[in-house]
Amino acid sequence: MDDLKVHELHDQTTNELRPFAALCVKYLKELAPILGFIPEEANQGELAAFISYAIAFPTGFLGLVDTYDVLKSGVPNFLAVVLALHECNYQAIGLRLDSGDLAYLSLEVRARFTNVSEKFNIPYIKTLNIVASNDINENILLSLEKQQHAIDTFGIGTHLVTCQKQPALGCVYKLVELEGSPRIKLSQDIAKVTIPGRKNLYRLYGQDGKALCDLMTKIDESPPTAKSRILCRHPFLEKKRAYITPSSVQSMYNLYWSDGEIKHSLPTWEEARTFAQEQIQSLRKDHIRNLNPTPYKVSVTDELYSFMHQLWIEMYQSVNSLNISLFKQKLN
């Protein structure tokens, strides 16, 4: 506390210069019997740092409380500053937890917020923001949800900038049509064989509003219609097929760029976010569960299946004929 260079803060309403540091020390002592801690256990250097921070940013105070001991030092020091700010007509934002048992600590912190809010009759303290950070990823988020917690905001940095499960996004461009002529890539690995020609894509929905599957069609095929029986086929496995009678059908294909110009106005970031959320909500829970999700099916129409496999056979025979011809030329 002796290192503090500024001890006073202007009241936001009256502009009166208030003894802010002294107010913080006063409230720390008042909080001791309420929160059940010994004032001497609260680190004075931490309190001084909070006071300096609050004086510099009185409308944006969000304290990191795990430098020493969260419950015996960090939270008491934080709440002392919150009460002093309130007396000077400012409202703190919240605190941040960056280590330890985040679920347990958040619940303990929220209980202390509630207690202080009721004791001092300051309602907003009960709902101060609790921010959690510290290498948070999707597995930690799922674990926290199962444990129950009182966290309002998650600070995600490392695992947002670099996805640990897939640090690089592999993208490959596959040609499916050239000057109106369909093209197919042949490979011994079926996963690398492409579906030729221009196509349309539709999403088929059941009576419960959940997506059943996506269906690819040739560009010149009639679109599938609701309440009609549709044969949906696996692109490569002949025996995998099913008839579906969708309650509704949604076209998923929009041409945004062609002939060097934008064909449709692009959605805003908010519209794109809303659309993505709606699509996720339309999927069954077993498709989006974290452990062993059910694969979502993308099928082709019978016409596209026949067209693709006929072209596959023709191209395979053509490649074989070319290889035989080249082999004979080498022999001669």
# chains A, B, ... in the order shown; residues from 1 in each chain; ligands from 1
>>> residues_around(residues="range 111-122 of chain A", least_positions_apart="5", cutoff="9 Å", atoms="only C-alpha atoms", output="number ranges by chain")
A: 31, 34-35, 75, 79, 83, 86, 106, 127-128
>>> write_last_selection(atoms="all heavy atoms", output="PDB file, in the first residue's frame")
ATOM      1  N   LEU A  31     -15.810  -6.328   5.549  1.00  0.00           N
ATOM      2  CA  LEU A  31     -16.126  -7.588   4.874  1.00  0.00           C
ATOM      3  C   LEU A  31     -15.642  -8.819   5.644  1.00  0.00           C
ATOM      4  O   LEU A  31     -16.172  -9.923   5.443  1.00  0.00           O
ATOM      5  CB  LEU A  31     -15.497  -7.608   3.466  1.00  0.00           C
ATOM      6  CG  LEU A  31     -16.183  -6.744   2.401  1.00  0.00           C
ATOM      7  CD1 LEU A  31     -15.295  -6.642   1.168  1.00  0.00           C
ATOM      8  CD2 LEU A  31     -17.546  -7.317   2.036  1.00  0.00           C
ATOM      9  N   ILE A  34     -18.240 -10.797   7.468  1.00  0.00           N
ATOM     10  CA  ILE A  34     -19.282 -11.228   6.527  1.00  0.00           C
ATOM     11  C   ILE A  34     -18.808 -12.411   5.690  1.00  0.00           C
ATOM     12  O   ILE A  34     -19.539 -13.403   5.501  1.00  0.00           O
ATOM     13  CB  ILE A  34     -19.691 -10.054   5.603  1.00  0.00           C
ATOM     14  CG1 ILE A  34     -20.291  -8.921   6.429  1.00  0.00           C
ATOM     15  CG2 ILE A  34     -20.666 -10.521   4.529  1.00  0.00           C
ATOM     16  CD1 ILE A  34     -20.538  -7.646   5.635  1.00  0.00           C
ATOM     17  N   LEU A  35     -17.573 -12.345   5.228  1.00  0.00           N
ATOM     18  CA  LEU A  35     -17.036 -13.397   4.356  1.00  0.00           C
ATOM     19  C   LEU A  35     -16.235 -14.437   5.134  1.00  0.00           C
ATOM     20  O   LEU A  35     -15.841 -15.463   4.572  1.00  0.00           O
ATOM     21  CB  LEU A  35     -16.150 -12.774   3.262  1.00  0.00           C
ATOM     22  CG  LEU A  35     -16.851 -11.796   2.310  1.00  0.00           C
ATOM     23  CD1 LEU A  35     -15.866 -11.285   1.266  1.00  0.00           C
ATOM     24  CD2 LEU A  35     -18.043 -12.464   1.626  1.00  0.00           C
ATOM     25  N   VAL A  75     -10.880 -12.400  -3.733  1.00  0.00           N
ATOM     26  CA  VAL A  75     -12.278 -11.977  -3.699  1.00  0.00           C
ATOM     27  C   VAL A  75     -12.527 -10.894  -2.643  1.00  0.00           C
ATOM     28  O   VAL A  75     -13.206  -9.903  -2.926  1.00  0.00           O
ATOM     29  CB  VAL A  75     -13.211 -13.195  -3.498  1.00  0.00           C
ATOM     30  CG1 VAL A  75     -14.657 -12.740  -3.286  1.00  0.00           C
ATOM     31  CG2 VAL A  75     -13.128 -14.125  -4.700  1.00  0.00           C
ATOM     32  N   LEU A  79     -13.941  -7.266  -3.683  1.00  0.00           N
ATOM     33  CA  LEU A  79     -15.217  -6.740  -3.202  1.00  0.00           C
ATOM     34  C   LEU A  79     -15.032  -5.437  -2.417  1.00  0.00           C
ATOM     35  O   LEU A  79     -15.914  -4.561  -2.447  1.00  0.00           O
ATOM     36  CB  LEU A  79     -15.921  -7.787  -2.346  1.00  0.00           C
ATOM     37  CG  LEU A  79     -16.570  -8.930  -3.146  1.00  0.00           C
ATOM     38  CD1 LEU A  79     -17.024 -10.062  -2.235  1.00  0.00           C
ATOM     39  CD2 LEU A  79     -17.737  -8.404  -3.975  1.00  0.00           C
ATOM     40  N   LEU A  83     -17.109  -2.092  -3.469  1.00  0.00           N
ATOM     41  CA  LEU A  83     -17.911  -1.268  -2.555  1.00  0.00           C
ATOM     42  C   LEU A  83     -17.435   0.185  -2.548  1.00  0.00           C
ATOM     43  O   LEU A  83     -18.252   1.116  -2.488  1.00  0.00           O
ATOM     44  CB  LEU A  83     -17.857  -1.867  -1.151  1.00  0.00           C
ATOM     45  CG  LEU A  83     -18.572  -3.223  -0.982  1.00  0.00           C
ATOM     46  CD1 LEU A  83     -18.236  -3.833   0.365  1.00  0.00           C
ATOM     47  CD2 LEU A  83     -20.079  -3.069  -1.156  1.00  0.00           C
ATOM     48  N   HIS A  86     -18.654   1.772  -5.659  1.00  0.00           N
ATOM     49  CA  HIS A  86     -20.084   2.045  -5.544  1.00  0.00           C
ATOM     50  C   HIS A  86     -20.324   3.335  -4.757  1.00  0.00           C
ATOM     51  O   HIS A  86     -21.192   4.139  -5.126  1.00  0.00           O
ATOM     52  CB  HIS A  86     -20.787   0.880  -4.846  1.00  0.00           C
ATOM     53  CG  HIS A  86     -22.251   1.101  -4.643  1.00  0.00           C
ATOM     54  ND1 HIS A  86     -23.170   0.988  -5.653  1.00  0.00           N
ATOM     55  CD2 HIS A  86     -22.950   1.471  -3.517  1.00  0.00           C
ATOM     56  CE1 HIS A  86     -24.380   1.249  -5.177  1.00  0.00           C
ATOM     57  NE2 HIS A  86     -24.268   1.549  -3.887  1.00  0.00           N
ATOM     58  N   SER A 106     -16.160 -20.706  -8.997  1.00  0.00           N
ATOM     59  CA  SER A 106     -17.205 -19.811  -9.505  1.00  0.00           C
ATOM     60  C   SER A 106     -18.446 -19.854  -8.608  1.00  0.00           C
ATOM     61  O   SER A 106     -19.071 -18.820  -8.351  1.00  0.00           O
ATOM     62  CB  SER A 106     -17.572 -20.178 -10.943  1.00  0.00           C
ATOM     63  OG  SER A 106     -18.245 -21.427 -11.014  1.00  0.00           O
ATOM     64  N   THR A 127     -25.020 -10.054  -9.357  1.00  0.00           N
ATOM     65  CA  THR A 127     -24.909 -10.495 -10.752  1.00  0.00           C
ATOM     66  C   THR A 127     -23.642 -10.000 -11.441  1.00  0.00           C
ATOM     67  O   THR A 127     -23.588  -9.960 -12.675  1.00  0.00           O
ATOM     68  CB  THR A 127     -26.142 -10.027 -11.556  1.00  0.00           C
ATOM     69  OG1 THR A 127     -26.259  -8.596 -11.452  1.00  0.00           O
ATOM     70  CG2 THR A 127     -27.407 -10.668 -11.020  1.00  0.00           C
ATOM     71  N   LEU A 128     -22.642  -9.603 -10.665  1.00  0.00           N
ATOM     72  CA  LEU A 128     -21.368  -9.208 -11.280  1.00  0.00           C
ATOM     73  C   LEU A 128     -20.833 -10.350 -12.146  1.00  0.00           C
ATOM     74  O   LEU A 128     -21.006 -11.534 -11.826  1.00  0.00           O
ATOM     75  CB  LEU A 128     -20.344  -8.852 -10.208  1.00  0.00           C
ATOM     76  CG  LEU A 128     -20.531  -7.509  -9.499  1.00  0.00           C
ATOM     77  CD1 LEU A 128     -19.531  -7.363  -8.355  1.00  0.00           C
ATOM     78  CD2 LEU A 128     -20.401  -6.349 -10.474  1.00  0.00           C
TER      79      LEU A 128
END
>>> select_by_dssp(residues="range 108-174 of chain A", states="alpha helix (DSSP H)", output="count of residues only")
27
>>> residues_around(residues="Asp208 in chain A", least_positions_apart="6", cutoff="12 Å", atoms="only C-alpha atoms", output="VMD selection string")
chain A and resid 246 to 248 281 to 284
>>> residues_around(residues="range 181-195 of chain A", least_positions_apart="3", cutoff="8 Å", atoms="only C-alpha atoms", output="list in words")
Lys174, Leu175, Val176, Glu177, Leu178, Arg198, Pro235, Phe236, Met308, Leu311, Trp312 and Tyr316 of chain A
>>> write_last_selection(atoms="all heavy atoms", output="compact mmCIF listing (two decimals), in the first residue's frame")
# COMPACT_ATOMS: atom_id res chain seq x y z
N LYS A 174 -11.38 -29.73 -56.27
CA LYS A 174 -11.62 -30.86 -57.17
C LYS A 174 -12.46 -30.38 -58.36
O LYS A 174 -13.55 -29.83 -58.20
CB LYS A 174 -12.37 -31.99 -56.45
CG LYS A 174 -11.65 -32.56 -55.23
CD LYS A 174 -10.45 -33.38 -55.62
CE LYS A 174 -9.84 -34.07 -54.40
NZ LYS A 174 -8.65 -34.85 -54.73
N LEU A 175 -11.95 -30.60 -59.55
CA LEU A 175 -12.67 -30.22 -60.77
C LEU A 175 -13.76 -31.24 -61.07
O LEU A 175 -13.50 -32.44 -61.14
CB LEU A 175 -11.68 -30.17 -61.94
CG LEU A 175 -12.25 -29.71 -63.29
CD1 LEU A 175 -12.61 -28.23 -63.23
CD2 LEU A 175 -11.23 -29.96 -64.39
N VAL A 176 -15.01 -30.79 -61.23
CA VAL A 176 -16.12 -31.70 -61.52
C VAL A 176 -16.74 -31.46 -62.89
O VAL A 176 -17.50 -32.29 -63.39
CB VAL A 176 -17.22 -31.60 -60.44
CG1 VAL A 176 -16.70 -32.05 -59.09
CG2 VAL A 176 -17.79 -30.20 -60.36
N GLU A 177 -16.40 -30.33 -63.51
CA GLU A 177 -16.92 -30.05 -64.84
C GLU A 177 -16.00 -29.07 -65.55
O GLU A 177 -15.47 -28.14 -64.93
CB GLU A 177 -18.35 -29.49 -64.75
CG GLU A 177 -19.01 -29.32 -66.11
CD GLU A 177 -20.48 -28.95 -65.99
OE1 GLU A 177 -21.27 -29.83 -65.58
OE2 GLU A 177 -20.84 -27.80 -66.28
N LEU A 178 -15.79 -29.27 -66.85
CA LEU A 178 -14.95 -28.39 -67.64
C LEU A 178 -15.64 -28.08 -68.96
O LEU A 178 -15.91 -28.98 -69.75
CB LEU A 178 -13.58 -29.03 -67.91
CG LEU A 178 -12.58 -28.21 -68.73
CD1 LEU A 178 -12.23 -26.91 -68.02
CD2 LEU A 178 -11.32 -29.02 -69.02
N ARG A 198 -22.04 -30.65 -62.47
CA ARG A 198 -22.67 -29.65 -61.62
C ARG A 198 -23.85 -30.28 -60.90
O ARG A 198 -24.55 -31.15 -61.45
CB ARG A 198 -23.15 -28.46 -62.45
CG ARG A 198 -22.03 -27.61 -63.04
CD ARG A 198 -22.62 -26.47 -63.85
NE ARG A 198 -23.41 -25.58 -62.99
CZ ARG A 198 -24.32 -24.72 -63.47
NH1 ARG A 198 -24.57 -24.66 -64.77
NH2 ARG A 198 -24.98 -23.93 -62.64
N PRO A 235 -23.46 -42.73 -52.33
CA PRO A 235 -22.76 -42.42 -53.59
C PRO A 235 -21.96 -43.59 -54.16
O PRO A 235 -21.80 -43.69 -55.38
CB PRO A 235 -21.84 -41.26 -53.21
CG PRO A 235 -22.45 -40.67 -52.00
CD PRO A 235 -23.09 -41.80 -51.26
N PHE A 236 -21.46 -44.49 -53.29
CA PHE A 236 -20.55 -45.52 -53.77
C PHE A 236 -21.01 -46.95 -53.49
O PHE A 236 -20.65 -47.86 -54.23
CB PHE A 236 -19.16 -45.32 -53.14
CG PHE A 236 -18.59 -43.95 -53.39
CD1 PHE A 236 -18.49 -43.02 -52.37
CD2 PHE A 236 -18.18 -43.58 -54.66
CE1 PHE A 236 -17.98 -41.76 -52.59
CE2 PHE A 236 -17.67 -42.32 -54.91
CZ PHE A 236 -17.57 -41.40 -53.88
N MET A 308 -23.06 -41.16 -62.46
CA MET A 308 -21.71 -41.18 -61.91
C MET A 308 -21.01 -42.50 -62.17
O MET A 308 -19.85 -42.54 -62.63
CB MET A 308 -21.79 -40.91 -60.40
CG MET A 308 -20.50 -41.14 -59.64
SD MET A 308 -20.77 -41.01 -57.88
CE MET A 308 -19.17 -41.52 -57.26
N LEU A 311 -20.15 -43.05 -65.90
CA LEU A 311 -18.97 -42.28 -66.29
C LEU A 311 -17.71 -42.90 -65.68
O LEU A 311 -16.66 -42.95 -66.32
CB LEU A 311 -19.13 -40.83 -65.82
CG LEU A 311 -17.99 -39.87 -66.20
CD1 LEU A 311 -17.88 -39.75 -67.72
CD2 LEU A 311 -18.23 -38.50 -65.57
N TRP A 312 -17.83 -43.40 -64.46
CA TRP A 312 -16.71 -44.05 -63.79
C TRP A 312 -16.21 -45.24 -64.60
O TRP A 312 -15.01 -45.40 -64.84
CB TRP A 312 -17.20 -44.51 -62.40
CG TRP A 312 -16.12 -44.94 -61.44
CD1 TRP A 312 -14.82 -45.21 -61.70
CD2 TRP A 312 -16.30 -45.15 -60.03
NE1 TRP A 312 -14.16 -45.58 -60.56
CE2 TRP A 312 -15.04 -45.55 -59.52
CE3 TRP A 312 -17.38 -45.05 -59.17
CZ2 TRP A 312 -14.86 -45.86 -58.18
CZ3 TRP A 312 -17.20 -45.34 -57.83
CH2 TRP A 312 -15.95 -45.75 -57.34
N TYR A 316 -12.66 -45.45 -66.57
CA TYR A 316 -11.76 -46.52 -66.17
C TYR A 316 -11.33 -47.34 -67.39
O TYR A 316 -10.14 -47.67 -67.56
CB TYR A 316 -12.45 -47.42 -65.14
CG TYR A 316 -11.54 -48.47 -64.55
CD1 TYR A 316 -10.60 -48.15 -63.57
CD2 TYR A 316 -11.61 -49.80 -64.97
CE1 TYR A 316 -9.76 -49.11 -63.03
CE2 TYR A 316 -10.79 -50.78 -64.44
CZ TYR A 316 -9.87 -50.43 -63.47
OH TYR A 316 -9.04 -51.39 -62.94
>>> closest_residue(among="A:Glu271, A:Glu303, A:Leu204, A:Arg241", to="Asp220 in chain A", atoms="only C-alpha atoms")
A:Glu303
>>> residues_around(residues="Ser251 in chain A", least_positions_apart="2", cutoff="10 Å", atoms="only C-alpha atoms", output="list in words")
Asn200, Leu201, Tyr202, Arg203, Leu204, Asp214, Leu215, Pro223, Pro224, Val249, Tyr253 and Asn254 of chain A
>>> write_last_selection(atoms="all heavy atoms", output="short mmCIF file (atom, residue, chain, number, x, y, z; two decimals), in the first residue's frame")
data_model
loop_
_atom_site.label_atom_id
_atom_site.label_comp_id
_atom_site.auth_asym_id
_atom_site.auth_seq_id
_atom_site.Cartn_x
_atom_site.Cartn_y
_atom_site.Cartn_z
N ASN A 200 -27.05 -29.87 -57.60
CA ASN A 200 -27.82 -29.12 -56.62
C ASN A 200 -27.83 -29.90 -55.31
O ASN A 200 -27.62 -31.12 -55.31
CB ASN A 200 -29.27 -28.89 -57.10
CG ASN A 200 -29.38 -27.69 -58.02
OD1 ASN A 200 -28.76 -26.65 -57.78
ND2 ASN A 200 -30.17 -27.81 -59.08
N LEU A 201 -28.10 -29.20 -54.22
CA LEU A 201 -28.11 -29.85 -52.91
C LEU A 201 -29.37 -29.44 -52.15
O LEU A 201 -29.72 -28.25 -52.10
CB LEU A 201 -26.87 -29.44 -52.11
CG LEU A 201 -26.74 -30.02 -50.71
CD1 LEU A 201 -26.52 -31.53 -50.77
CD2 LEU A 201 -25.61 -29.36 -49.93
N TYR A 202 -30.03 -30.43 -51.56
CA TYR A 202 -31.26 -30.19 -50.82
C TYR A 202 -31.17 -30.87 -49.45
O TYR A 202 -30.55 -31.93 -49.32
CB TYR A 202 -32.47 -30.73 -51.58
CG TYR A 202 -32.64 -30.10 -52.94
CD1 TYR A 202 -32.05 -30.68 -54.07
CD2 TYR A 202 -33.37 -28.93 -53.11
CE1 TYR A 202 -32.19 -30.10 -55.33
CE2 TYR A 202 -33.51 -28.34 -54.36
CZ TYR A 202 -32.92 -28.93 -55.46
OH TYR A 202 -33.05 -28.36 -56.70
N ARG A 203 -31.81 -30.26 -48.46
CA ARG A 203 -31.89 -30.86 -47.13
C ARG A 203 -33.32 -31.34 -46.90
O ARG A 203 -34.28 -30.56 -47.07
CB ARG A 203 -31.47 -29.87 -46.05
CG ARG A 203 -31.43 -30.46 -44.64
CD ARG A 203 -30.48 -29.67 -43.76
NE ARG A 203 -29.11 -29.84 -44.21
CZ ARG A 203 -28.08 -29.13 -43.76
NH1 ARG A 203 -28.28 -28.20 -42.85
NH2 ARG A 203 -26.86 -29.34 -44.22
N LEU A 204 -33.45 -32.60 -46.50
CA LEU A 204 -34.76 -33.21 -46.29
C LEU A 204 -35.06 -33.26 -44.79
O LEU A 204 -34.22 -33.74 -44.01
CB LEU A 204 -34.79 -34.62 -46.89
CG LEU A 204 -34.27 -34.77 -48.34
CD1 LEU A 204 -34.44 -36.21 -48.82
CD2 LEU A 204 -34.97 -33.80 -49.28
N ASP A 214 -29.00 -34.95 -46.41
CA ASP A 214 -28.86 -34.05 -47.54
C ASP A 214 -28.88 -34.88 -48.82
O ASP A 214 -28.38 -36.02 -48.83
CB ASP A 214 -27.55 -33.27 -47.45
CG ASP A 214 -27.61 -32.16 -46.41
OD1 ASP A 214 -28.66 -32.03 -45.76
OD2 ASP A 214 -26.61 -31.43 -46.24
N LEU A 215 -29.43 -34.32 -49.87
CA LEU A 215 -29.58 -35.05 -51.13
C LEU A 215 -28.99 -34.24 -52.28
O LEU A 215 -29.40 -33.11 -52.52
CB LEU A 215 -31.05 -35.35 -51.41
CG LEU A 215 -31.35 -36.14 -52.68
CD1 LEU A 215 -30.82 -37.58 -52.57
CD2 LEU A 215 -32.84 -36.15 -52.96
N PRO A 223 -36.27 -30.74 -58.68
CA PRO A 223 -35.98 -30.76 -57.24
C PRO A 223 -36.93 -31.71 -56.50
O PRO A 223 -38.06 -31.92 -56.93
CB PRO A 223 -36.21 -29.32 -56.81
CG PRO A 223 -37.15 -28.76 -57.83
CD PRO A 223 -36.81 -29.43 -59.11
N PRO A 224 -36.47 -32.31 -55.41
CA PRO A 224 -37.34 -33.16 -54.60
C PRO A 224 -38.45 -32.33 -53.96
O PRO A 224 -38.26 -31.13 -53.72
CB PRO A 224 -36.39 -33.73 -53.54
CG PRO A 224 -35.28 -32.74 -53.45
CD PRO A 224 -35.12 -32.18 -54.82
N VAL A 249 -38.61 -29.62 -47.61
CA VAL A 249 -37.35 -29.67 -48.35
C VAL A 249 -36.78 -28.25 -48.43
O VAL A 249 -37.51 -27.30 -48.71
CB VAL A 249 -37.58 -30.22 -49.78
CG1 VAL A 249 -36.27 -30.18 -50.58
CG2 VAL A 249 -38.14 -31.64 -49.73
N TYR A 253 -28.26 -24.81 -51.99
CA TYR A 253 -27.27 -24.32 -52.96
C TYR A 253 -27.62 -22.91 -53.40
O TYR A 253 -28.71 -22.65 -53.90
CB TYR A 253 -27.22 -25.26 -54.16
CG TYR A 253 -26.23 -24.85 -55.25
CD1 TYR A 253 -24.86 -25.01 -55.06
CD2 TYR A 253 -26.67 -24.31 -56.45
CE1 TYR A 253 -23.96 -24.64 -56.04
CE2 TYR A 253 -25.77 -23.94 -57.44
CZ TYR A 253 -24.42 -24.11 -57.23
OH TYR A 253 -23.53 -23.73 -58.20
N ASN A 254 -26.69 -21.98 -53.21
CA ASN A 254 -26.83 -20.61 -53.70
C ASN A 254 -25.56 -20.22 -54.44
O ASN A 254 -24.46 -20.42 -53.92
CB ASN A 254 -27.06 -19.64 -52.53
CG ASN A 254 -28.43 -19.79 -51.91
OD1 ASN A 254 -29.44 -19.65 -52.58
ND2 ASN A 254 -28.46 -20.11 -50.62
#
>>> closest_residue(among="A:Leu23, A:Leu231, A:Ile151, A:Val81", to="Val300 in chain A", atoms="only C-alpha atoms")
A:Leu231
>>> residues_around(residues="Tyr53 in chain A", least_positions_apart="3", cutoff="12 Å", atoms="only C-alpha atoms", output="list of chain:residue names")
A:Leu4, A:Val6, A:His7, A:Leu9, A:Phe20, A:Ala21, A:Glu46, A:Leu47, A:Ala48, A:Ala49, A:Phe50, A:Ala56, A:Phe57, A:Pro58, A:Thr59, A:Gly60, A:Phe61, A:Leu62, A:Gly63, A:Leu64, A:Phe78, A:Val81, A:Val82, A:Leu85, A:Ala92
